Every structure is written in structure tokens, then in C-alpha cells.
$ cat structure.cif   # mmCIF, C-alpha atoms
data_coords
#
loop_
_atom_site.label_atom_id
_atom_site.label_comp_id
_atom_site.auth_asym_id
_atom_site.auth_seq_id
_atom_site.Cartn_x
_atom_site.Cartn_y
_atom_site.Cartn_z
CA MET Y 1 111.11 103.70 66.19
CA PRO Y 2 110.86 103.53 70.01
CA ASP Y 3 108.07 105.48 71.63
CA ARG Y 4 109.23 108.98 72.51
CA GLN Y 5 109.08 109.76 76.25
CA PRO Y 6 107.17 112.94 77.09
CA SER Y 7 109.31 115.88 78.10
CA LEU Y 8 109.16 117.51 81.52
CA LEU Y 9 107.39 120.52 79.96
CA GLU Y 10 104.78 118.25 78.42
CA ASP Y 11 104.27 116.49 81.77
CA TYR Y 12 103.66 119.78 83.53
CA ASP Y 13 101.31 120.88 80.81
CA THR Y 14 99.20 117.74 81.24
CA TYR Y 15 99.27 117.29 85.01
CA PRO Y 16 97.55 120.57 86.03
CA ARG Y 17 94.57 119.55 83.91
CA ILE Y 18 93.88 116.52 86.13
CA GLU Y 19 95.42 117.70 89.42
CA GLU Y 20 92.16 118.77 91.07
CA ALA Y 21 90.37 115.53 90.14
CA PHE Y 22 93.39 113.53 91.31
CA GLN Y 23 93.36 115.28 94.70
CA ALA Y 24 89.62 114.68 95.02
CA ALA Y 25 90.17 110.97 94.35
CA LEU Y 26 92.84 110.86 97.05
CA ASP Y 27 90.45 112.44 99.54
CA GLU Y 28 88.15 109.41 99.20
CA SER Y 29 88.69 106.69 101.81
CA LEU Y 30 89.80 103.26 100.59
CA ASN Y 31 87.86 101.78 103.54
CA PRO Y 32 90.90 100.48 105.41
CA ARG Y 33 90.61 97.63 107.86
CA GLY Y 34 91.36 98.60 111.44
CA PRO Y 35 91.94 96.95 114.82
CA GLU Y 36 88.36 95.63 114.82
CA LEU Y 37 89.55 92.99 112.35
CA LEU Y 38 91.52 91.28 115.13
CA TYR Y 39 88.45 90.94 117.32
CA GLU Y 40 86.48 89.61 114.36
CA MET Y 41 89.12 86.91 113.90
CA VAL Y 42 88.83 86.01 117.58
CA ALA Y 43 85.05 85.79 117.23
CA SER Y 44 85.48 83.41 114.27
CA LEU Y 45 87.21 80.93 116.59
CA ARG Y 46 83.93 80.48 118.51
CA LEU Y 47 85.66 80.00 121.83
CA PRO Y 48 83.21 79.61 124.74
CA GLN Y 49 82.78 82.11 127.54
CA GLY Y 50 85.34 81.38 130.21
CA ALA Y 51 88.00 80.34 127.69
CA ALA Y 52 91.52 81.06 128.95
CA VAL Y 53 93.36 83.81 127.07
CA LEU Y 54 96.91 85.09 127.48
CA ASP Y 55 97.53 88.70 126.46
CA LEU Y 56 101.27 88.58 125.81
CA GLY Y 57 102.85 91.99 126.46
CA CYS Y 58 99.61 93.45 127.76
CA GLY Y 59 100.96 96.97 128.35
CA GLU Y 60 98.36 99.05 130.15
CA GLY Y 61 95.75 96.31 129.82
CA LYS Y 62 93.28 97.87 127.38
CA GLN Y 63 93.09 94.85 125.09
CA SER Y 64 92.94 92.36 127.97
CA ILE Y 65 89.90 94.17 129.33
CA GLU Y 66 88.33 94.39 125.86
CA LEU Y 67 88.71 90.63 125.27
CA ALA Y 68 87.04 89.85 128.60
CA ASP Y 69 84.28 92.41 128.09
CA ARG Y 70 83.42 91.31 124.53
CA PHE Y 71 83.70 87.56 124.84
CA GLY Y 72 83.55 86.70 128.53
CA PHE Y 73 87.06 85.22 128.40
CA ARG Y 74 89.26 84.71 131.44
CA VAL Y 75 92.27 86.84 130.51
CA LEU Y 76 95.73 86.94 132.02
CA GLY Y 77 97.77 89.94 130.89
CA VAL Y 78 101.53 89.46 131.23
CA ASP Y 79 104.09 92.24 130.84
CA PRO Y 80 107.76 92.55 131.83
CA VAL Y 81 107.45 96.17 132.99
CA ARG Y 82 106.21 96.57 136.56
CA ARG Y 83 104.81 100.05 135.93
CA GLN Y 84 102.72 98.75 133.02
CA VAL Y 85 101.22 96.06 135.22
CA GLY Y 86 100.34 98.70 137.81
CA LEU Y 87 98.68 100.89 135.18
CA ALA Y 88 96.77 97.89 133.86
CA ASP Y 89 95.45 97.16 137.36
CA GLY Y 90 94.31 100.78 137.54
CA LYS Y 91 92.45 100.53 134.23
CA LEU Y 92 90.78 97.34 135.43
CA ARG Y 93 89.54 99.09 138.55
CA GLU Y 94 88.04 101.83 136.36
CA ALA Y 95 86.39 99.31 134.01
CA TRP Y 96 85.11 97.25 136.95
CA ARG Y 97 82.79 99.98 138.20
CA PRO Y 98 80.27 99.70 135.30
CA ASN Y 99 80.98 95.99 134.67
CA ARG Y 100 81.64 94.10 137.88
CA ARG Y 101 82.23 90.72 136.24
CA LEU Y 102 85.53 92.01 134.82
CA ASN Y 103 87.16 91.85 138.23
CA ALA Y 104 86.79 88.07 138.20
CA LEU Y 105 87.77 87.65 134.54
CA VAL Y 106 90.92 89.77 134.16
CA HIS Y 107 94.22 89.56 136.01
CA PHE Y 108 97.62 91.09 135.34
CA GLN Y 109 101.01 89.67 136.25
CA LEU Y 110 104.65 90.54 135.85
CA GLY Y 111 106.39 88.12 133.50
CA VAL Y 112 108.41 87.65 130.33
CA ALA Y 113 107.56 85.87 127.09
CA GLU Y 114 110.59 83.60 127.42
CA ALA Y 115 109.39 82.20 130.79
CA LEU Y 116 105.62 82.54 131.08
CA PRO Y 117 104.08 82.25 134.57
CA LEU Y 118 101.63 79.54 133.48
CA THR Y 119 101.44 75.77 133.65
CA ASP Y 120 101.46 73.56 130.56
CA ALA Y 121 98.42 73.29 128.26
CA THR Y 122 96.16 75.70 130.16
CA VAL Y 123 95.50 78.43 127.55
CA ASP Y 124 93.04 78.46 124.62
CA LEU Y 125 94.29 81.63 122.89
CA VAL Y 126 97.44 83.75 122.96
CA TRP Y 127 96.83 87.36 121.87
CA CYS Y 128 99.99 89.14 120.72
CA ARG Y 129 99.68 92.64 119.29
CA GLU Y 130 102.76 94.73 118.39
CA VAL Y 131 104.98 92.96 120.91
CA LEU Y 132 107.32 90.60 119.04
CA VAL Y 133 109.70 93.34 117.92
CA LEU Y 134 110.56 93.90 121.58
CA ILE Y 135 111.44 90.27 122.31
CA GLU Y 136 115.08 89.26 121.96
CA ALA Y 137 114.68 85.47 122.06
CA LEU Y 138 111.86 84.73 119.63
CA ASP Y 139 112.55 80.99 119.60
CA ALA Y 140 112.15 80.77 123.37
CA ALA Y 141 109.03 82.98 123.32
CA PHE Y 142 107.22 80.86 120.74
CA ALA Y 143 108.27 77.67 122.52
CA GLU Y 144 106.71 79.07 125.70
CA CYS Y 145 103.50 80.06 123.91
CA ARG Y 146 103.28 76.55 122.48
CA ARG Y 147 103.90 75.04 125.92
CA VAL Y 148 101.05 76.91 127.63
CA LEU Y 149 98.54 76.38 124.81
CA ARG Y 150 96.26 73.40 124.80
CA PRO Y 151 96.58 71.13 121.74
CA GLY Y 152 94.69 72.88 118.95
CA GLY Y 153 94.87 76.23 120.75
CA CYS Y 154 95.51 79.38 118.72
CA MET Y 155 97.84 82.36 118.70
CA LEU Y 156 96.82 85.64 117.06
CA ILE Y 157 99.67 87.95 116.07
CA TYR Y 158 99.55 91.49 114.73
CA GLN Y 159 102.92 93.01 113.93
CA ASN Y 160 104.47 95.57 111.58
CA PHE Y 161 107.49 94.49 109.55
CA PRO Y 162 109.98 96.41 107.41
CA THR Y 163 109.55 96.54 103.64
CA ASP Y 164 112.11 97.15 100.91
CA ARG Y 165 111.38 100.88 101.22
CA LEU Y 166 112.90 101.12 104.70
CA GLU Y 167 116.40 102.58 104.50
CA PRO Y 168 119.25 101.20 106.68
CA ARG Y 169 119.48 104.36 108.80
CA GLU Y 170 115.72 104.28 109.37
CA ALA Y 171 115.94 100.63 110.35
CA GLU Y 172 118.59 101.55 112.92
CA LEU Y 173 116.43 104.30 114.40
CA LEU Y 174 113.45 101.95 114.63
CA GLY Y 175 115.45 99.09 116.10
CA ALA Y 176 114.62 97.00 113.02
CA ASN Y 177 117.29 94.38 113.52
CA GLY Y 178 117.28 90.63 112.85
CA ARG Y 179 114.38 89.72 115.13
CA PHE Y 180 112.23 92.21 113.23
CA GLN Y 181 112.26 90.17 110.00
CA VAL Y 182 109.24 88.18 108.78
CA GLU Y 183 111.38 85.21 107.79
CA ARG Y 184 112.94 84.87 111.23
CA MET Y 185 109.58 85.08 112.98
CA GLU Y 186 107.99 82.50 110.69
CA ALA Y 187 110.93 80.14 111.19
CA ALA Y 188 110.62 80.56 114.98
CA PHE Y 189 106.91 79.78 115.21
CA THR Y 190 107.20 76.86 112.76
CA GLU Y 191 110.02 75.34 114.81
CA ALA Y 192 107.91 75.75 117.96
CA GLY Y 193 105.12 73.63 116.47
CA PHE Y 194 102.67 76.17 115.06
CA ALA Y 195 100.86 75.94 111.74
CA VAL Y 196 99.49 78.99 109.88
CA VAL Y 197 95.69 79.02 109.71
CA ALA Y 198 95.46 82.48 108.12
CA SER Y 199 97.83 85.28 107.14
CA LEU Y 200 96.73 88.77 106.10
CA GLU Y 201 98.88 91.57 104.72
CA LEU Y 202 97.39 94.89 105.88
CA GLY Y 203 100.10 97.28 104.68
CA SER Y 204 99.21 100.77 105.88
CA GLU Y 205 95.52 100.01 106.52
CA VAL Y 206 95.52 100.17 110.32
CA GLY Y 207 97.44 103.46 110.20
CA GLU Y 208 94.99 104.87 107.64
CA TYR Y 209 92.03 103.69 109.73
CA ILE Y 210 93.33 105.44 112.86
CA GLU Y 211 94.27 108.61 110.95
CA GLU Y 212 90.84 108.90 109.33
CA ARG Y 213 89.15 108.70 112.72
CA THR Y 214 91.55 110.50 115.05
CA GLY Y 215 94.21 112.35 113.06
CA GLU Y 216 96.81 110.60 115.23
CA ALA Y 217 99.25 109.83 112.40
CA GLY Y 218 99.40 113.50 111.41
CA ARG Y 219 100.06 114.45 115.03
CA ARG Y 220 102.95 111.99 115.23
CA LEU Y 221 104.35 113.32 111.96
CA ILE Y 222 104.59 116.86 113.34
CA HIS Y 223 106.16 115.45 116.50
CA ALA Y 224 108.81 113.67 114.40
CA ALA Y 225 109.51 116.89 112.51
CA ARG Y 226 110.03 118.83 115.75
CA LEU Y 227 112.24 116.11 117.25
CA LEU Y 228 114.45 116.07 114.17
CA ARG Y 229 114.62 119.87 113.84
CA ALA Y 230 115.46 120.68 117.45
CA PRO Y 231 116.88 117.56 119.15
CA GLU Y 232 118.84 119.54 121.72
CA ARG Y 233 115.64 121.12 123.07
CA TYR Y 234 114.13 117.74 123.95
CA ILE Y 235 117.36 116.01 124.96
CA GLU Y 236 118.09 118.77 127.47
CA GLN Y 237 114.62 118.45 128.96
CA PHE Y 238 114.10 114.67 128.94
CA GLY Y 239 117.51 113.08 128.27
CA PRO Y 240 118.98 111.23 125.28
CA VAL Y 241 117.40 107.83 126.03
CA ALA Y 242 113.87 109.24 126.20
CA TYR Y 243 114.58 111.26 123.06
CA ASP Y 244 115.62 108.17 121.09
CA ILE Y 245 112.59 106.20 122.28
CA MET Y 246 110.19 109.00 121.38
CA LEU Y 247 111.77 109.59 117.97
CA GLY Y 248 111.65 105.87 117.17
CA ASP Y 249 107.97 105.72 118.17
CA ARG Y 250 107.00 108.77 116.10
CA LEU Y 251 108.93 107.52 113.04
CA TRP Y 252 107.40 104.06 113.43
CA HIS Y 253 103.92 105.45 112.78
CA VAL Y 254 105.09 107.68 109.93
CA CYS Y 255 106.89 104.76 108.25
CA ARG Y 256 103.77 102.62 108.53
CA MET Y 257 101.74 105.27 106.72
CA ILE Y 258 104.15 105.54 103.78
CA GLY Y 259 104.80 101.86 103.19
CA LYS Y 260 108.19 101.50 104.88
CA LEU Y 261 106.51 99.23 107.42
CA SER Y 262 103.67 96.85 106.63
CA GLY Y 263 101.14 95.44 109.10
CA ARG Y 264 100.60 91.70 109.04
CA VAL Y 265 98.22 89.37 110.89
CA TYR Y 266 98.86 85.69 111.60
CA LEU Y 267 96.43 83.21 113.06
CA LEU Y 268 98.42 80.19 114.22
CA ARG Y 269 97.27 76.84 115.58
CA ALA Y 270 99.29 74.68 117.94
CA SER Y 271 99.90 71.18 116.64
CA ASP Y 272 98.30 68.30 118.53
#

$ encode --input "structure.cif" --output "C-alpha cells"
Amino acid sequence: MPDRQPSLLEDYDTYPRIEEAFQAALDESLNPRGPELLYEMVASLRLPQGAAVLDLGCGEGKQSIELADRFGFRVLGVDPVRRQVGLADGKLREAWRPNRRLNALVHFQLGVAEALPLTDATVDLVWCREVLVLIEALDAAFAECRRVLRPGGCMLIYQNFPTDRLEPREAELLGANGRFQVERMEAAFTEAGFAVVASLELGSEVGEYIEERTGEAGRRLIHAARLLRAPERYIEQFGPVAYDIMLGDRLWHVCRMIGKLSGRVYLLRASD
């Protein structure tokens, strides 16, 4: 005879007996890997001080400054948004006061991934964190990264990608279209002349790491709940475009925590 499945009543008789222990087990950290892992991978490359680094999509410049401060690299941060470049310059001025060498090591410039403002074979490392999803022409972007890298130079990518748990409507809200797929990105960097040195699947680890230390994921969850419950309140105050951007950002972090998005790291090397 086939094994009899337990009934719902039997399940709810058994579960309360272990519920407290189960919750206690869930309160224990699984020691997730966080953003520090990316800097450890850079350190493993043993690039010399003064090595040339491109921070692709540098945003407000925090990581550009960190790379220069930690390793003594000469870093160029490139971003297509003029306001971001201005904010990055402001952060550099703040960081320069206690560490004057940074002013000579870090520079920021307006530019796009598809047409980088650099000459051929002048870069030792391209740093690319959570940027690729915003780039329309991945083929052109990887071709440009390959062009500016010296032979044997490396590209470090951290990006979140959709999993099978992400529903179509959620994908639409997050902008998870074709360029957001792992397969398309891998095809683009292979065609551009990159080989994979290392690939790490992080899943929700970076989100867990940040939540355990700052509570930021929980804060974004409550923001998402408020945005979804009272959209008219925020649309009236900030407009529909800002509303959609904010909702997508909040849901992005929630989806990462529950396995609908999965973080992945690639270390690529440019072919000789």
C-alpha cells in the first residue's frame, strides 16, 4: 500500500511542538557573504598600486573612492547621469580632507558604457556593480570594456538576475526584460572576448548581510507596502515616473531577499 499522507489536522498537531525551536533556528545567522567579498576578489588579483581601474556606472562615487583608498589604484568613475558625477565629485572632496592622496587618484567623468571616454588598452580592471541591467546595448558595452582593457586585464561584475520564482508582472515592474537574463549577458561578454575566471552564485546573501547589519531590507519592505497600498498619495506628491522608479527599487530589494532575484559575481579576463 502507498504511504498515507498526514492530514492537515495531524500536521497542525505536530508543528506547534517544534515551532519555537524552528523559529530559534531561523534567528541564527547563516553567515552570509557581503560586499566585502568583491574587494577580496580584487585583492586576489594582486594588482600594483597605481593600477588603472574603471568604475563603470560609478553613481555617487563611493566604490571608486573605496578602491583608491584600499589599494592605491588610479580610478576613473564614469556615469551617464550628470548629477551623479557632480555628487561623486562632492564625495571625493569630503574624502580628500582626511586622505589627500585621493585627489590625485580618483576622477569622475560623464560617459556611457557603449562609448567609453578612454583610449585602447589603458585599463587593468573594470569594476561593474549592479549596472548592467540599466544598459540597453550589452554587446556594445562589453566590446568597449574589452577595448579599453589591457590584454589579460580583468572585469569584475556583480549583478542580480531573475530566478524562476519571479512572476511576469513582477518582472515588468522591475524592468526585467531581455537584457536582464544571465544567458544574454554571458553570450555578450563571450562574444566580446572575455573568459570566465570565476563565477559565484550568492543568491540572497548580500541582502541578508545588509539586513543583519542595518535593517535596510525591512525598511524597504515597509516602503513597498505603503507604495502599493496608497499609490495615489505618492503619485500626487512626486509624480507617476518617480513613483514607478521608487516602487521598482523597493521591490527589487524585497525580491532579492525571497529568492526571486539572485546575486551573481563574475570575474572575467580579457583574451590576449

$ closest_atom_pairs --input "structure.cif" --of "range 28-73 of chain Y" --to "range 132-146 of chain Y" --cutoff "10 Å" --atoms "only C-alpha atoms" --output "Markdown table"
| residue | atom | partner | partner_atom | distance |
| --- | --- | --- | --- | --- |
| Y:Leu54 | CA | Y:Cys145 | CA | 9.0 |
| Y:Leu56 | CA | Y:Cys145 | CA | 9.0 |
| Y:Gly57 | CA | Y:Leu132 | CA | 8.8 |

$ resolve_selection --input "structure.cif" --expression "the PyMOL selection byres ((chain Y and resi 197) around 10)" --output "ChimeraX atom specification"
/Y:154-156,194-196,198-199,266-270

$ resolve_selection --input "structure.cif" --expression "the PyMOL selection byres ((chain Y and resi 85) around 9)" --output "PyMOL selection string"
chain Y and resi 58-61+77-84+86-90+108-110

$ atom_distance --input "structure.cif" --atom1 "CA of Ser44 in chain Y" --atom2 "CA of Ala121 in chain Y"
21.6 Å

$ atom_distance --input "structure.cif" --atom1 "CA of Val123 in chain Y" --atom2 "CA of Leu76 in chain Y"
9.6 Å

$ atom_distance --input "structure.cif" --atom1 "CA of Ala52 in chain Y" --atom2 "CA of Leu102 in chain Y"
13.8 Å

$ residues_around --input "structure.cif" --residues "Glu205 in chain Y" --least-positions-apart "4" --cutoff "10 Å" --atoms "all atoms listed in the file" --output "list of chain:residue names"
Y:Leu30, Y:Asn31, Y:Pro32, Y:Arg33, Y:Gly34, Y:Pro35, Y:Glu201, Y:Tyr209, Y:Ile210, Y:Glu211, Y:Arg256, Y:Met257, Y:Ser262, Y:Gly263

$ resolve_selection --input "structure.cif" --expression "the PyMOL selection byres ((chain Y and resi 43) around 12)" --output "list in words"
Glu36, Leu37, Leu38, Tyr39, Glu40, Met41, Val42, Ser44, Leu45, Arg46, Leu47, Pro48, Gln49, Leu67, Arg70, Phe71, Gly72, Phe73, Leu125 and Leu156 of chain Y

$ decode --input "structure.cif" --residues "range 127-268 of chain Y" --atoms "C-alpha atoms" --output "tab-separated table (two decimals), in the first residue's frame"
chain	number	residue	atom	x	y	z
Y	127	TRP	CA	34.61	47.26	-11.79
Y	128	CYS	CA	30.91	46.86	-12.58
Y	129	ARG	CA	28.47	46.57	-9.69
Y	130	GLU	CA	24.68	46.48	-10.26
Y	131	VAL	CA	24.89	48.42	-13.52
Y	132	LEU	CA	24.33	46.02	-16.42
Y	133	VAL	CA	20.56	45.90	-16.00
Y	134	LEU	CA	20.48	49.58	-16.93
Y	135	ILE	CA	22.44	49.19	-20.17
Y	136	GLU	CA	20.44	48.69	-23.36
Y	137	ALA	CA	23.25	47.60	-25.69
Y	138	LEU	CA	25.14	44.95	-23.74
Y	139	ASP	CA	27.11	43.80	-26.78
Y	140	ALA	CA	28.47	47.29	-27.37
Y	141	ALA	CA	29.21	47.80	-23.66
Y	142	PHE	CA	31.26	44.62	-23.34
Y	143	ALA	CA	33.06	45.36	-26.59
Y	144	GLU	CA	34.03	48.76	-25.15
Y	145	CYS	CA	35.20	47.23	-21.88
Y	146	ARG	CA	37.33	44.77	-23.84
Y	147	ARG	CA	38.73	47.60	-25.97
Y	148	VAL	CA	39.94	49.68	-23.02
Y	149	LEU	CA	41.37	46.74	-21.07
Y	150	ARG	CA	44.96	45.72	-21.50
Y	151	PRO	CA	45.48	42.12	-22.69
Y	152	GLY	CA	44.98	39.93	-19.63
Y	153	GLY	CA	43.08	42.68	-17.81
Y	154	CYS	CA	40.05	41.75	-15.72
Y	155	MET	CA	36.42	42.75	-15.32
Y	156	LEU	CA	34.57	42.16	-12.04
Y	157	ILE	CA	30.78	42.05	-12.28
Y	158	TYR	CA	28.20	41.87	-9.52
Y	159	GLN	CA	24.60	41.72	-10.69
Y	160	ASN	CA	21.24	40.34	-9.59
Y	161	PHE	CA	19.32	38.21	-12.06
Y	162	PRO	CA	15.75	36.86	-12.08
Y	163	THR	CA	15.04	33.31	-10.97
Y	164	ASP	CA	12.15	31.01	-11.84
Y	165	ARG	CA	10.28	32.42	-8.83
Y	166	LEU	CA	9.90	35.86	-10.41
Y	167	GLU	CA	6.41	36.27	-11.83
Y	168	PRO	CA	5.83	38.03	-15.19
Y	169	ARG	CA	4.10	41.03	-13.60
Y	170	GLU	CA	6.96	41.40	-11.13
Y	171	ALA	CA	9.46	41.21	-13.97
Y	172	GLU	CA	7.60	44.04	-15.69
Y	173	LEU	CA	7.68	46.21	-12.57
Y	174	LEU	CA	11.40	45.59	-12.12
Y	175	GLY	CA	12.23	46.18	-15.77
Y	176	ALA	CA	13.45	42.58	-16.03
Y	177	ASN	CA	13.41	42.35	-19.79
Y	178	GLY	CA	15.73	40.55	-22.22
Y	179	ARG	CA	18.95	42.32	-21.24
Y	180	PHE	CA	18.36	41.20	-17.66
Y	181	GLN	CA	18.90	37.50	-18.46
Y	182	VAL	CA	22.05	35.59	-17.46
Y	183	GLU	CA	22.25	33.83	-20.81
Y	184	ARG	CA	22.22	37.05	-22.79
Y	185	MET	CA	24.89	38.65	-20.63
Y	186	GLU	CA	27.15	35.60	-20.83
Y	187	ALA	CA	26.76	35.48	-24.61
Y	188	ALA	CA	27.63	39.19	-24.83
Y	189	PHE	CA	30.83	39.01	-22.80
Y	190	THR	CA	31.96	35.80	-24.53
Y	191	GLU	CA	31.46	37.39	-27.94
Y	192	ALA	CA	33.46	40.43	-26.79
Y	193	GLY	CA	36.48	38.24	-25.98
Y	194	PHE	CA	36.19	37.58	-22.25
Y	195	ALA	CA	36.81	34.28	-20.49
Y	196	VAL	CA	35.31	33.40	-17.09
Y	197	VAL	CA	37.94	33.08	-14.36
Y	198	ALA	CA	35.43	32.64	-11.53
Y	199	SER	CA	31.66	32.67	-11.10
Y	200	LEU	CA	29.88	32.71	-7.73
Y	201	GLU	CA	26.16	32.35	-7.07
Y	202	LEU	CA	25.31	34.42	-3.98
Y	203	GLY	CA	21.52	34.13	-4.02
Y	204	SER	CA	20.13	36.32	-1.23
Y	205	GLU	CA	23.41	36.53	0.72
Y	206	VAL	CA	24.23	40.19	0.10
Y	207	GLY	CA	20.67	41.17	1.03
Y	208	GLU	CA	20.84	39.07	4.20
Y	209	TYR	CA	24.24	40.58	5.08
Y	210	ILE	CA	22.93	44.14	4.76
Y	211	GLU	CA	19.70	43.35	6.64
Y	212	GLU	CA	21.54	41.76	9.56
Y	213	ARG	CA	23.70	44.84	9.96
Y	214	THR	CA	21.39	47.72	9.06
Y	215	GLY	CA	17.78	46.51	8.83
Y	216	GLU	CA	17.64	48.13	5.39
Y	217	ALA	CA	15.72	45.31	3.68
Y	218	GLY	CA	12.94	45.51	6.28
Y	219	ARG	CA	12.73	49.27	5.77
Y	220	ARG	CA	12.36	48.82	2.02
Y	221	LEU	CA	9.68	46.18	2.57
Y	222	ILE	CA	7.51	48.59	4.56
Y	223	HIS	CA	8.12	51.23	1.88
Y	224	ALA	CA	6.89	48.79	-0.80
Y	225	ALA	CA	3.80	48.02	1.27
Y	226	ARG	CA	2.95	51.72	1.61
Y	227	LEU	CA	3.55	52.39	-2.09
Y	228	LEU	CA	1.25	49.55	-3.08
Y	229	ARG	CA	-1.46	50.42	-0.54
Y	230	ALA	CA	-1.71	54.13	-1.27
Y	231	PRO	CA	-0.24	54.84	-4.73
Y	232	GLU	CA	-2.30	57.97	-5.25
Y	233	ARG	CA	-0.75	59.61	-2.18
Y	234	TYR	CA	2.77	59.34	-3.59
Y	235	ILE	CA	1.88	59.90	-7.24
Y	236	GLU	CA	0.15	63.17	-6.34
Y	237	GLN	CA	3.19	64.35	-4.41
Y	238	PHE	CA	6.05	63.13	-6.62
Y	239	GLY	CA	4.52	62.15	-9.98
Y	240	PRO	CA	3.97	58.79	-11.71
Y	241	VAL	CA	7.52	58.39	-13.07
Y	242	ALA	CA	9.13	58.84	-9.66
Y	243	TYR	CA	6.52	56.52	-8.17
Y	244	ASP	CA	7.34	53.73	-10.63
Y	245	ILE	CA	11.08	54.13	-10.08
Y	246	MET	CA	10.71	54.04	-6.30
Y	247	LEU	CA	8.37	51.05	-6.36
Y	248	GLY	CA	10.71	49.13	-8.66
Y	249	ASP	CA	13.67	49.88	-6.37
Y	250	ARG	CA	11.83	48.82	-3.21
Y	251	LEU	CA	10.54	45.61	-4.83
Y	252	TRP	CA	14.00	44.84	-6.19
Y	253	HIS	CA	15.39	44.51	-2.67
Y	254	VAL	CA	12.39	42.54	-1.42
Y	255	CYS	CA	12.63	40.12	-4.36
Y	256	ARG	CA	16.32	39.59	-3.68
Y	257	MET	CA	15.57	38.61	-0.10
Y	258	ILE	CA	12.95	35.99	-1.05
Y	259	GLY	CA	14.78	34.33	-3.91
Y	260	LYS	CA	13.04	35.96	-6.86
Y	261	LEU	CA	16.35	37.60	-7.72
Y	262	SER	CA	19.74	36.00	-7.20
Y	263	GLY	CA	23.08	37.80	-6.85
Y	264	ARG	CA	25.91	36.57	-9.02
Y	265	VAL	CA	29.59	37.52	-9.29
Y	266	TYR	CA	31.75	37.07	-12.39
Y	267	LEU	CA	35.47	37.59	-12.66
Y	268	LEU	CA	36.34	37.85	-16.35
